[in-house]
Amino acid sequence: MVDEPWRTPAKPKRKKIRKKLVFGVVGGVAAAALVAGGGVALLGMGDDADGNAEGARLAGESFPADPAARADGRDQELTDVASSGTTVVAVGAESGPGGNRGVFLVSADGGRGFESAEVEGASGGGSAAEVPRVVGGGPDRWIAIGARPGGGVVWTSEDGRTWRRQPDAAGDVFGPGNRVSQVIGTDKGFLAIGEHSRKRDFSDSAPAIWLSSDGRNWEALIGRQTGLPIRGKVVVEEVAFRDGVVLMETEHTPERDEPSFHRAWRSTDGGRTWSPAEIPAPKGTRGLKIGGGEAGLVAVREVKAGKSVYGQVYTSADAADWKKGGKLEPDGYRYVQRLLGTGDGFVAVSERGRDLLISRSADGDSWQDAGTLPAASGRRMLSASATGAHTVLVGHDPGNGDRNALLAVRGADGTETAVDPLKIPGAFRSDKTVTAVAAKGARAVAVGSSGGDAAIWTSADGSTWNRARFSGGISRPALQRLLGVAHGGAGWLAVGDGGGAPRKPIVLTSADGGIWEPADTDPVFDQKGPHALAAYGAAAGPSGYVVVGDDGPSGAIWFSPDLKSWQRGGGEGRNDLTAEKDGNRWIRSAVGGSFGFVAVGGMRKPDSRDPGHPAVWTSPDGKKWRLQDLQLPSGVSHGWLRHVAAKGDVLIAAGDGTGTSGTTALSFISTDGGKTWRESRLPSPDTPGPTRITAVAATPQGFAVSGATGETGTADVVMWTSADGTSWEVETPGGDVLAGTGDQEITGLTPFNDTLLGVGRTVSRSDEQPVLWSRPLS
């Protein structure tokens, strides 16, 4: 899947570019079969009258959604919110079958209205799998911290409206084994709190404080380095800042069977050293909550008096001297969830059981009701912030089978301001994705997802599409997406991600492509060991069908001769499919032919110096498989294969690699049915930035490979064509659909009705929808 855009400025339309590169000649019968009329036959390409690549169009309306769908098919939540002056920033994530996407929302009017913030990627681009978790800031500097695969990630902003992802090095300190729960701005820069685990499973959790003057360079203080007394388990709960003083709350759980207790600390050097903050604790005290802001620092002690419970408020200008304030004791009061400071007072968010009550005070003495958030099954508030005009609560709400973002705004007088996060342009998106396509005879079949359920569409002309029907239904309590489709002697096979926990493949079959039924009810697709199963690709050959994917760190392959009976494929050797200890195998695509079956993916040896390299598996019958590991080209440090296609005994396998020049396309050729392989280098497009492969297909004229070129947020479609798999031409089609603002990709290619038919998607700041592309084969 293409990464979601972090930066979406308009860019000039580019003319299509052709470039040819020859690295050798395929010998023998294979070359003769692929060269037509003594010359190289390539696919034609032109532009339509509007400057779009010929046959490329937005296809959101072409692929009908399920009329019975009740959900948008994605989980959305806002995990944190912060404010400074009249600027409010909320961050969170959207997740679905295709992965996760970070969300930044900003309000310039104190929380009354929100819009999507602009996020710029650092060199190398941001990733769709990168999501912000916490946010904090001040008048002229903001920061967000989140997670990326294998590490942390940091974004900074001067105004909360435009954010820039910092280089990976800025987030490495927040990598595996670290959890950040809050970040704030101080007079010394930024301070983040959380926990650290050397084992990375948090069974040995230790308190952690991270300090930075600029948001790019961080110092980690772990355990006793924080200066806190460590006896038993210590958790840093909350932190607040006001006028050169940081106030922090910790929870302490002794090693012996003793009750836990809370303590407060103050720092005047940005959090480097701490001393006790002696907040009064009257008789009957059983808890503590701290907060604050420009108007001062505030704390609440929960006090039990007889059968009643109330919150006793204390205020301070410097966390050294505390003044007793008023009481929080509304009907049904249980405890304070959040304490906030604004420019002109304090805000408390209290749990009452039936709802959350917002209370406001100018001085901490007298408190007035300022709105409620009713309790609801599945609703969870994750954070809150306040300005002088509004209180903003964020979290998630239950949806119809999925989860929706919670963004609740209450005025200072308690009036509700209606804000629907799902209607903020560019914030969240409904699921409708077309990932792959195949054709046989007069029928093309495209697969993907819609409304969070697997979806299949069929077409007789490649332009008009109808939803296929499902016998027995495929709606399940998890978000699903089909990723691959193939046709063979017994009919059609579609596979993908069945979602859920534990993760399970979804496998569907059809005799005619119009009516489908589940095959993954066969116990062979059930998890047997400790690892979840995943399916990514499908292929058909003379002996039957295969499904390829993962079994945890190992490769997984399933075989069927007839789409009715299934069995697990095995390796010829012990570790052909099963990974060695501390190693990995992963399989992403397969193809069948007279040679049997060939599958491609990657592997990592149990050597810390091996970050991953290409791998190929071959089988004469789909049952027994032999592993080949391929050597990476010079200048590429790691990479693997994602797609494979065959024309006779000539196979092209392609994927992505990373080296000194960034992300680049990898391509290998076999002229003997997968027995031996060598590099078949793809020429680079005349565009800056990384290049990655998104689809490979065999055509009557040879081979077609599609990819995406450019930084995330500005990635355009690139196409390579070849008659023999060795000599390639590269083109960037251009136009508004395959290039321009946002990200574009073609993820499925197939010959159909004398055309090359492609499916994919385009993603801009405000929209995402499927794309159809067809062009003549000759």
# chains A, B, ... in the order shown; residues from 1 in each chain; ligands from 1
$ residues_around --residues "stretch 279-291 of chain A" --least-positions-apart "3" --cutoff "9 Å" --atoms "only C-alpha atoms" --output "PyMOL selection string"
chain A and resi 237-241+247-249+261-264+276+296-305+312+314+319-324+335-341+346
$ residues_around --residues "stretch 677-688 of chain A" --least-positions-apart "6" --cutoff "7 Å" --atoms "only C-alpha atoms" --output "list in words"
Leu21, Ala665, Leu666, Ser667, Phe668, Ile669, Ser670, Gly710, Thr726, Trp728 and Val730 of chain A
$ residues_around --residues "stretch 195-200 of chain A" --least-positions-apart "2" --cutoff "10 Å" --atoms "only C-alpha atoms" --output "PyMOL selection string"
chain A and resi 174-181+193+202-209+220-223+234-236
$ residues_around --residues "A:Ser157" --least-positions-apart "5" --cutoff "12 Å" --atoms "only C-alpha atoms" --output "number ranges by chain"
A: 89, 104, 106, 117-120, 135-145, 162-166, 214-216
$ select_by_dssp --residues "stretch 156-365 of chain A" --states "strand (DSSP E)" --output "short mmCIF file (atom, residue, chain, number, x, y, z; two decimals) with N, CA and C atoms, in the first residue's frame"
data_model
loop_
_atom_site.label_atom_id
_atom_site.label_comp_id
_atom_site.auth_asym_id
_atom_site.auth_seq_id
_atom_site.Cartn_x
_atom_site.Cartn_y
_atom_site.Cartn_z
N THR A 156 7.63 18.34 14.70
CA THR A 156 7.68 19.64 15.38
C THR A 156 6.92 20.67 14.56
N SER A 157 6.50 21.74 15.24
CA SER A 157 5.75 22.81 14.58
C SER A 157 5.99 24.11 15.31
N THR A 162 1.28 23.81 10.76
CA THR A 162 2.15 23.12 9.83
C THR A 162 3.19 22.35 10.62
N TRP A 163 3.24 21.04 10.38
CA TRP A 163 4.11 20.15 11.13
C TRP A 163 5.17 19.56 10.20
N ARG A 164 6.33 19.30 10.77
CA ARG A 164 7.40 18.69 10.00
C ARG A 164 7.93 17.46 10.73
N ARG A 165 7.92 16.35 10.00
CA ARG A 165 8.50 15.13 10.56
C ARG A 165 10.02 15.28 10.61
N ASN A 178 10.13 1.54 24.92
CA ASN A 178 9.79 2.85 25.49
C ASN A 178 8.34 3.19 25.21
N ARG A 179 7.68 3.78 26.18
CA ARG A 179 6.32 4.29 26.02
C ARG A 179 6.28 5.72 26.53
N VAL A 180 5.78 6.61 25.70
CA VAL A 180 5.63 8.01 26.08
C VAL A 180 4.17 8.26 26.39
N SER A 181 3.90 8.79 27.57
CA SER A 181 2.51 9.03 27.97
C SER A 181 2.11 10.50 27.89
N GLN A 182 3.09 11.43 27.93
CA GLN A 182 2.76 12.85 27.89
C GLN A 182 4.00 13.63 27.48
N VAL A 183 3.81 14.73 26.78
CA VAL A 183 4.90 15.64 26.46
C VAL A 183 4.40 17.07 26.63
N ILE A 184 5.25 17.95 27.20
CA ILE A 184 4.88 19.34 27.41
C ILE A 184 6.04 20.24 26.98
N GLY A 185 5.73 21.51 26.78
CA GLY A 185 6.75 22.52 26.56
C GLY A 185 7.12 23.17 27.87
N THR A 186 8.41 23.48 28.05
CA THR A 186 8.89 24.17 29.24
C THR A 186 9.76 25.36 28.81
N GLY A 189 12.68 23.94 26.90
CA GLY A 189 12.43 23.17 25.66
C GLY A 189 11.23 22.27 25.80
N PHE A 190 11.48 20.95 25.80
CA PHE A 190 10.40 19.97 25.91
C PHE A 190 10.74 18.93 26.95
N LEU A 191 9.71 18.40 27.59
CA LEU A 191 9.85 17.33 28.57
C LEU A 191 8.79 16.28 28.29
N ALA A 192 9.22 15.02 28.17
CA ALA A 192 8.30 13.90 27.96
C ALA A 192 8.45 12.92 29.11
N ILE A 193 7.35 12.26 29.46
CA ILE A 193 7.38 11.26 30.53
C ILE A 193 6.81 9.95 30.00
N GLY A 194 7.17 8.86 30.67
CA GLY A 194 6.67 7.55 30.28
C GLY A 194 7.38 6.46 31.02
N GLU A 195 7.65 5.36 30.33
CA GLU A 195 8.31 4.22 30.96
C GLU A 195 9.24 3.53 29.98
N HIS A 196 10.21 2.83 30.53
CA HIS A 196 11.22 2.12 29.74
C HIS A 196 11.31 0.68 30.21
N ALA A 206 10.42 0.73 34.12
CA ALA A 206 11.06 1.74 34.96
C ALA A 206 10.61 3.12 34.49
N PRO A 207 10.54 4.09 35.41
CA PRO A 207 10.11 5.44 35.00
C PRO A 207 11.14 6.06 34.06
N ALA A 208 10.64 6.88 33.13
CA ALA A 208 11.51 7.51 32.14
C ALA A 208 11.12 8.97 31.95
N ILE A 209 12.12 9.82 31.84
CA ILE A 209 11.94 11.23 31.52
C ILE A 209 12.88 11.56 30.37
N TRP A 210 12.34 12.22 29.34
CA TRP A 210 13.15 12.61 28.19
C TRP A 210 13.18 14.14 28.11
N LEU A 211 14.35 14.70 27.89
CA LEU A 211 14.53 16.15 27.84
C LEU A 211 15.12 16.56 26.49
N SER A 212 14.65 17.69 25.98
CA SER A 212 15.17 18.21 24.71
C SER A 212 15.03 19.71 24.68
N GLU A 219 17.66 13.63 25.50
CA GLU A 219 18.40 12.92 26.55
C GLU A 219 17.40 12.10 27.34
N ALA A 220 17.71 10.81 27.52
CA ALA A 220 16.82 9.92 28.25
C ALA A 220 17.34 9.71 29.67
N LEU A 221 16.49 9.92 30.65
CA LEU A 221 16.79 9.65 32.05
C LEU A 221 15.91 8.48 32.48
N ILE A 222 16.53 7.34 32.82
CA ILE A 222 15.80 6.11 33.07
C ILE A 222 16.02 5.67 34.52
N LYS A 233 7.77 -0.51 42.18
CA LYS A 233 7.45 0.04 40.86
C LYS A 233 7.07 1.51 40.98
N VAL A 234 7.66 2.33 40.11
CA VAL A 234 7.36 3.76 40.10
C VAL A 234 6.86 4.13 38.71
N VAL A 235 5.72 4.82 38.64
CA VAL A 235 5.13 5.25 37.38
C VAL A 235 4.97 6.76 37.40
N VAL A 236 5.47 7.42 36.37
CA VAL A 236 5.27 8.86 36.23
C VAL A 236 3.88 9.07 35.62
N GLU A 237 3.00 9.70 36.38
CA GLU A 237 1.59 9.79 35.99
C GLU A 237 1.25 11.04 35.18
N GLU A 238 1.73 12.20 35.63
CA GLU A 238 1.27 13.47 35.04
C GLU A 238 2.35 14.51 35.23
N VAL A 239 2.36 15.51 34.34
CA VAL A 239 3.31 16.59 34.45
C VAL A 239 2.67 17.87 33.95
N ALA A 240 3.01 19.01 34.57
CA ALA A 240 2.46 20.31 34.18
C ALA A 240 3.55 21.36 34.36
N PHE A 241 3.40 22.48 33.64
CA PHE A 241 4.41 23.54 33.68
C PHE A 241 3.74 24.90 33.82
N ARG A 242 4.43 25.75 34.64
CA ARG A 242 3.97 27.14 34.77
C ARG A 242 5.13 28.02 35.22
N VAL A 245 8.49 26.50 36.45
CA VAL A 245 8.36 25.40 37.40
C VAL A 245 7.61 24.24 36.75
N VAL A 246 8.18 23.03 36.88
CA VAL A 246 7.53 21.81 36.41
C VAL A 246 6.98 21.07 37.63
N LEU A 247 5.72 20.69 37.59
CA LEU A 247 5.08 19.90 38.64
C LEU A 247 4.81 18.50 38.09
N MET A 248 5.19 17.47 38.85
CA MET A 248 5.05 16.10 38.37
C MET A 248 4.42 15.22 39.46
N GLU A 249 3.60 14.28 39.02
CA GLU A 249 2.95 13.32 39.91
C GLU A 249 3.46 11.92 39.60
N THR A 250 3.77 11.14 40.65
CA THR A 250 4.21 9.76 40.47
C THR A 250 3.37 8.83 41.35
N GLU A 251 3.24 7.59 40.88
CA GLU A 251 2.59 6.55 41.67
C GLU A 251 3.64 5.52 42.07
N HIS A 252 3.63 5.13 43.34
CA HIS A 252 4.62 4.21 43.89
C HIS A 252 3.93 2.96 44.42
N THR A 253 4.38 1.79 43.97
CA THR A 253 3.86 0.51 44.44
C THR A 253 5.01 -0.26 45.07
N PHE A 261 0.85 4.47 46.64
CA PHE A 261 0.60 5.85 47.05
C PHE A 261 1.13 6.79 45.98
N HIS A 262 0.68 8.05 46.04
CA HIS A 262 1.07 9.07 45.07
C HIS A 262 1.93 10.14 45.73
N ARG A 263 2.88 10.67 44.93
CA ARG A 263 3.72 11.76 45.42
C ARG A 263 3.80 12.85 44.34
N ALA A 264 4.13 14.04 44.76
CA ALA A 264 4.28 15.16 43.82
C ALA A 264 5.69 15.73 43.94
N TRP A 265 6.20 16.22 42.80
CA TRP A 265 7.58 16.70 42.72
C TRP A 265 7.60 18.02 41.95
N ARG A 266 8.61 18.85 42.25
CA ARG A 266 8.78 20.11 41.54
C ARG A 266 10.21 20.21 41.01
N SER A 267 10.35 20.88 39.87
CA SER A 267 11.65 21.09 39.27
C SER A 267 11.72 22.51 38.73
N SER A 275 12.60 17.93 43.55
CA SER A 275 12.45 17.97 45.00
C SER A 275 10.97 17.77 45.32
N PRO A 276 10.65 17.31 46.55
CA PRO A 276 9.24 17.05 46.86
C PRO A 276 8.40 18.33 46.80
N THR A 285 -7.52 11.22 52.96
CA THR A 285 -7.03 11.34 51.58
C THR A 285 -6.75 9.97 50.98
N ARG A 286 -7.15 9.79 49.72
CA ARG A 286 -6.89 8.50 49.06
C ARG A 286 -6.41 8.66 47.62
N GLY A 287 -6.06 9.81 47.19
CA GLY A 287 -5.58 9.96 45.81
C GLY A 287 -5.02 11.33 45.56
N LEU A 288 -4.48 11.52 44.34
CA LEU A 288 -3.90 12.80 43.96
C LEU A 288 -4.00 12.96 42.45
N LYS A 289 -4.29 14.16 42.03
CA LYS A 289 -4.26 14.52 40.61
C LYS A 289 -3.70 15.94 40.51
N ILE A 290 -2.76 16.15 39.56
CA ILE A 290 -2.15 17.47 39.42
C ILE A 290 -2.37 17.99 38.00
N GLY A 291 -2.20 19.29 37.83
CA GLY A 291 -2.32 19.92 36.53
C GLY A 291 -1.92 21.38 36.64
N GLY A 292 -2.23 22.12 35.59
CA GLY A 292 -1.93 23.54 35.65
C GLY A 292 -1.58 24.12 34.31
N GLY A 293 -1.29 25.39 34.33
CA GLY A 293 -0.96 26.13 33.12
C GLY A 293 -0.64 27.57 33.47
N GLY A 296 -1.68 29.11 36.82
CA GLY A 296 -1.12 28.56 38.05
C GLY A 296 -1.13 27.06 38.02
N LEU A 297 -0.62 26.47 39.11
CA LEU A 297 -0.60 25.03 39.28
C LEU A 297 -1.73 24.62 40.22
N VAL A 298 -2.27 23.41 39.99
CA VAL A 298 -3.45 22.99 40.74
C VAL A 298 -3.32 21.51 41.06
N ALA A 299 -3.86 21.11 42.20
CA ALA A 299 -3.88 19.71 42.61
C ALA A 299 -5.20 19.41 43.29
N VAL A 300 -5.62 18.16 43.24
CA VAL A 300 -6.84 17.72 43.91
C VAL A 300 -6.51 16.46 44.70
N ARG A 301 -6.87 16.46 45.96
CA ARG A 301 -6.81 15.28 46.81
C ARG A 301 -8.22 14.71 46.93
N GLU A 302 -8.36 13.41 46.66
CA GLU A 302 -9.66 12.78 46.88
C GLU A 302 -9.79 12.48 48.37
N VAL A 303 -10.90 12.93 48.97
CA VAL A 303 -11.10 12.79 50.41
C VAL A 303 -12.41 12.05 50.66
N LYS A 304 -12.32 11.05 51.50
CA LYS A 304 -13.53 10.32 51.90
C LYS A 304 -13.94 10.78 53.28
N ALA A 305 -15.17 11.29 53.38
CA ALA A 305 -15.71 11.77 54.65
C ALA A 305 -17.03 11.03 54.89
N SER A 308 -19.47 9.96 51.90
CA SER A 308 -19.31 10.85 50.75
C SER A 308 -17.84 10.96 50.36
N VAL A 309 -17.64 11.30 49.09
CA VAL A 309 -16.31 11.52 48.56
C VAL A 309 -16.32 12.87 47.86
N TYR A 310 -15.29 13.65 48.04
CA TYR A 310 -15.18 14.92 47.34
C TYR A 310 -13.72 15.17 46.97
N GLY A 311 -13.52 16.13 46.09
CA GLY A 311 -12.17 16.50 45.71
C GLY A 311 -11.79 17.82 46.34
N GLN A 312 -10.74 17.79 47.14
CA GLN A 312 -10.26 19.01 47.77
C GLN A 312 -9.19 19.64 46.88
N VAL A 313 -9.41 20.89 46.50
CA VAL A 313 -8.54 21.60 45.56
C VAL A 313 -7.47 22.39 46.30
N TYR A 314 -6.25 22.39 45.73
CA TYR A 314 -5.15 23.22 46.22
C TYR A 314 -4.53 23.92 45.01
N THR A 315 -4.12 25.16 45.19
CA THR A 315 -3.49 25.91 44.10
C THR A 315 -2.14 26.46 44.56
N SER A 316 -1.28 26.72 43.56
CA SER A 316 0.05 27.22 43.87
C SER A 316 0.61 27.97 42.67
N LYS A 323 -2.09 26.68 48.53
CA LYS A 323 -3.25 27.30 49.16
C LYS A 323 -4.46 26.38 49.02
N LYS A 324 -5.18 26.20 50.10
CA LYS A 324 -6.38 25.37 50.07
C LYS A 324 -7.48 26.11 49.32
N GLY A 325 -8.09 25.44 48.37
CA GLY A 325 -9.15 26.04 47.58
C GLY A 325 -10.50 25.44 47.91
N GLY A 326 -11.37 25.42 46.91
CA GLY A 326 -12.71 24.91 47.12
C GLY A 326 -12.79 23.40 46.98
N LYS A 327 -14.03 22.90 46.96
CA LYS A 327 -14.27 21.47 46.87
C LYS A 327 -14.99 21.14 45.55
N LEU A 328 -14.65 19.99 45.01
CA LEU A 328 -15.40 19.42 43.89
C LEU A 328 -16.26 18.31 44.46
N TYR A 335 -14.22 10.79 41.15
CA TYR A 335 -12.83 11.24 41.20
C TYR A 335 -12.59 12.17 40.02
N VAL A 336 -11.45 12.87 40.05
CA VAL A 336 -11.05 13.76 38.97
C VAL A 336 -10.19 12.99 37.97
N GLN A 337 -10.57 13.05 36.71
CA GLN A 337 -9.78 12.42 35.66
C GLN A 337 -8.69 13.35 35.13
N ARG A 338 -9.01 14.64 34.96
CA ARG A 338 -8.06 15.58 34.38
C ARG A 338 -8.16 16.92 35.11
N LEU A 339 -6.99 17.54 35.30
CA LEU A 339 -6.90 18.91 35.78
C LEU A 339 -6.14 19.71 34.75
N LEU A 340 -6.71 20.84 34.34
CA LEU A 340 -6.14 21.64 33.26
C LEU A 340 -6.01 23.08 33.69
N GLY A 341 -5.05 23.78 33.08
CA GLY A 341 -4.91 25.20 33.32
C GLY A 341 -5.14 25.98 32.04
N THR A 342 -5.74 27.14 32.16
CA THR A 342 -5.94 28.04 31.02
C THR A 342 -5.28 29.38 31.35
N GLY A 345 -7.70 30.63 34.42
CA GLY A 345 -8.27 29.80 35.47
C GLY A 345 -7.94 28.33 35.32
N PHE A 346 -8.84 27.50 35.90
CA PHE A 346 -8.61 26.07 35.95
C PHE A 346 -9.85 25.32 35.45
N VAL A 347 -9.61 24.09 34.98
CA VAL A 347 -10.69 23.23 34.50
C VAL A 347 -10.47 21.84 35.09
N ALA A 348 -11.54 21.24 35.61
CA ALA A 348 -11.49 19.87 36.12
C ALA A 348 -12.49 19.02 35.35
N VAL A 349 -12.07 17.81 34.98
CA VAL A 349 -12.96 16.85 34.33
C VAL A 349 -13.12 15.70 35.32
N SER A 350 -14.34 15.53 35.84
CA SER A 350 -14.61 14.57 36.91
C SER A 350 -15.47 13.43 36.43
N GLU A 351 -15.19 12.24 36.95
CA GLU A 351 -15.98 11.04 36.66
C GLU A 351 -17.15 10.99 37.64
N ASP A 355 -21.75 10.15 33.65
CA ASP A 355 -21.16 11.07 32.68
C ASP A 355 -19.85 11.62 33.23
N LEU A 356 -19.19 12.40 32.38
CA LEU A 356 -18.05 13.19 32.81
C LEU A 356 -18.52 14.63 32.97
N LEU A 357 -18.18 15.24 34.10
CA LEU A 357 -18.59 16.61 34.37
C LEU A 357 -17.39 17.53 34.22
N ILE A 358 -17.57 18.61 33.47
CA ILE A 358 -16.54 19.63 33.33
C ILE A 358 -16.86 20.77 34.30
N SER A 359 -15.87 21.16 35.10
CA SER A 359 -16.04 22.26 36.05
C SER A 359 -14.96 23.30 35.79
N ARG A 360 -15.31 24.57 35.93
CA ARG A 360 -14.36 25.67 35.72
C ARG A 360 -14.30 26.57 36.94
N SER A 361 -13.10 27.15 37.13
CA SER A 361 -12.90 28.09 38.24
C SER A 361 -11.85 29.11 37.85
#
$ closest_atom_pairs --of "stretch 64-149 of chain A" --to "stretch 450-474 of chain A" --cutoff "7 Å" --atoms "only C-alpha atoms" --output "JSON lines"
{"residue": "A:Pro64", "atom": "CA", "partner": "A:Arg467", "partner_atom": "CA", "distance": 6.4}
{"residue": "A:Ala65", "atom": "CA", "partner": "A:Ser450", "partner_atom": "CA", "distance": 5.9}
{"residue": "A:Asp66", "atom": "CA", "partner": "A:Ser450", "partner_atom": "CA", "distance": 6.8}
{"residue": "A:Ala69", "atom": "CA", "partner": "A:Gly451", "partner_atom": "CA", "distance": 6.0}
{"residue": "A:Ala71", "atom": "CA", "partner": "A:Gly451", "partner_atom": "CA", "distance": 5.8}
{"residue": "A:Asp72", "atom": "CA", "partner": "A:Gly451", "partner_atom": "CA", "distance": 4.7}
{"residue": "A:Gly73", "atom": "CA", "partner": "A:Gly452", "partner_atom": "CA", "distance": 3.4}
{"residue": "A:Arg74", "atom": "CA", "partner": "A:Gly452", "partner_atom": "CA", "distance": 6.3}
$ closest_residue --among "A:Pro398, A:Glu258, A:Ala375, A:Ser107" --to "A:Val419" --atoms "only C-alpha atoms"
A:Ser107
$ atom_distance --atom1 "atom CA of A:Gly707" --atom2 "atom CA of A:Ser661"
17.2 Å
$ closest_residue --among "A:Arg112, A:Val763, A:Val696, A:His531" --to "A:Ala412" --atoms "only C-alpha atoms"
A:Arg112
$ residues_around --residues "stretch 614-621 of chain A" --least-positions-apart "3" --cutoff "8 Å" --atoms "only C-alpha atoms" --output "list in words"
Ser543, Phe595, Gly596, Phe597, Val598, Ala599, Val600, Gly601, Gly602, Met603, Lys624, Trp625, Arg626, Leu627, Gln628, Asp629, Leu630, Gln631, Leu632, Gly639, Trp640, Leu641, Gly674 and Lys675 of chain A
$ write_last_selection --atoms "N, CA and C atoms" --output "compact mmCIF listing (two decimals), in the first residue's frame"
# COMPACT_ATOMS: atom_id res chain seq x y z
N SER A 543 -1.21 -27.89 -11.77
CA SER A 543 -1.52 -28.87 -10.73
C SER A 543 -2.51 -28.36 -9.70
N PHE A 595 6.33 -24.85 -15.21
CA PHE A 595 7.45 -25.12 -14.30
C PHE A 595 6.97 -25.53 -12.91
N GLY A 596 5.69 -25.40 -12.62
CA GLY A 596 5.15 -25.65 -11.29
C GLY A 596 4.73 -24.34 -10.65
N PHE A 597 5.32 -24.02 -9.51
CA PHE A 597 5.02 -22.77 -8.83
C PHE A 597 6.31 -22.10 -8.38
N VAL A 598 6.30 -20.77 -8.39
CA VAL A 598 7.38 -19.97 -7.84
C VAL A 598 6.77 -18.92 -6.92
N ALA A 599 7.31 -18.79 -5.71
CA ALA A 599 6.87 -17.78 -4.75
C ALA A 599 8.05 -16.88 -4.41
N VAL A 600 7.77 -15.62 -4.07
CA VAL A 600 8.84 -14.67 -3.78
C VAL A 600 8.53 -13.90 -2.50
N GLY A 601 9.59 -13.41 -1.88
CA GLY A 601 9.46 -12.63 -0.66
C GLY A 601 10.83 -12.25 -0.14
N GLY A 602 11.07 -12.51 1.13
CA GLY A 602 12.35 -12.16 1.72
C GLY A 602 12.68 -13.06 2.88
N MET A 603 13.89 -12.92 3.37
CA MET A 603 14.34 -13.71 4.50
C MET A 603 15.42 -12.94 5.25
N LYS A 624 5.77 -29.37 -1.97
CA LYS A 624 7.12 -29.31 -1.41
C LYS A 624 7.88 -28.15 -2.06
N TRP A 625 8.54 -27.36 -1.20
CA TRP A 625 9.14 -26.11 -1.66
C TRP A 625 10.61 -26.04 -1.29
N ARG A 626 11.40 -25.47 -2.21
CA ARG A 626 12.83 -25.30 -2.00
C ARG A 626 13.17 -23.81 -1.99
N LEU A 627 13.94 -23.38 -0.99
CA LEU A 627 14.30 -21.98 -0.80
C LEU A 627 15.58 -21.65 -1.56
N GLN A 628 15.57 -20.48 -2.22
CA GLN A 628 16.78 -19.88 -2.77
C GLN A 628 16.88 -18.46 -2.22
N ASP A 629 18.05 -18.11 -1.66
CA ASP A 629 18.25 -16.71 -1.27
C ASP A 629 19.11 -16.03 -2.31
N LEU A 630 18.65 -14.86 -2.75
CA LEU A 630 19.30 -14.14 -3.84
C LEU A 630 20.22 -13.07 -3.27
N GLN A 631 21.28 -12.79 -3.99
CA GLN A 631 22.24 -11.78 -3.58
C GLN A 631 21.76 -10.40 -3.97
N LEU A 632 21.87 -9.48 -3.04
CA LEU A 632 21.48 -8.10 -3.32
C LEU A 632 22.45 -7.45 -4.28
N GLY A 639 16.72 -5.51 1.24
CA GLY A 639 15.55 -5.43 0.37
C GLY A 639 14.97 -6.80 0.15
N TRP A 640 13.80 -6.85 -0.47
CA TRP A 640 13.14 -8.13 -0.73
C TRP A 640 12.16 -7.98 -1.89
N LEU A 641 11.54 -9.09 -2.26
CA LEU A 641 10.67 -9.13 -3.43
C LEU A 641 9.21 -9.11 -3.00
N GLY A 674 12.50 -20.46 -12.93
CA GLY A 674 12.77 -20.18 -11.52
C GLY A 674 13.95 -20.92 -10.94
N LYS A 675 14.67 -21.70 -11.75
CA LYS A 675 15.80 -22.46 -11.22
C LYS A 675 16.99 -21.55 -10.92
$ atom_distance --atom1 "atom CA of A:Val485" --atom2 "atom CA of A:Gln567"
19.0 Å
$ residues_around --residues "A:Leu407" --least-positions-apart "4" --cutoff "8 Å" --atoms "only C-alpha atoms" --output "PDB file with C-alpha atoms, in the first residue's frame"
ATOM      1  CA  LEU A  78      -7.759  10.772  18.833  1.00  0.00           C
ATOM      2  CA  VAL A 392     -11.907  19.783  24.255  1.00  0.00           C
ATOM      3  CA  LEU A 393     -12.205  16.065  25.067  1.00  0.00           C
ATOM      4  CA  VAL A 394     -10.764  13.402  22.741  1.00  0.00           C
ATOM      5  CA  GLY A 395     -10.770   9.610  22.570  1.00  0.00           C
ATOM      6  CA  VAL A 419     -17.885  18.935  15.894  1.00  0.00           C
ATOM      7  CA  ASP A 420     -18.002  15.753  13.807  1.00  0.00           C
ATOM      8  CA  PRO A 421     -14.424  14.558  13.231  1.00  0.00           C
TER       9      PRO A 421
END
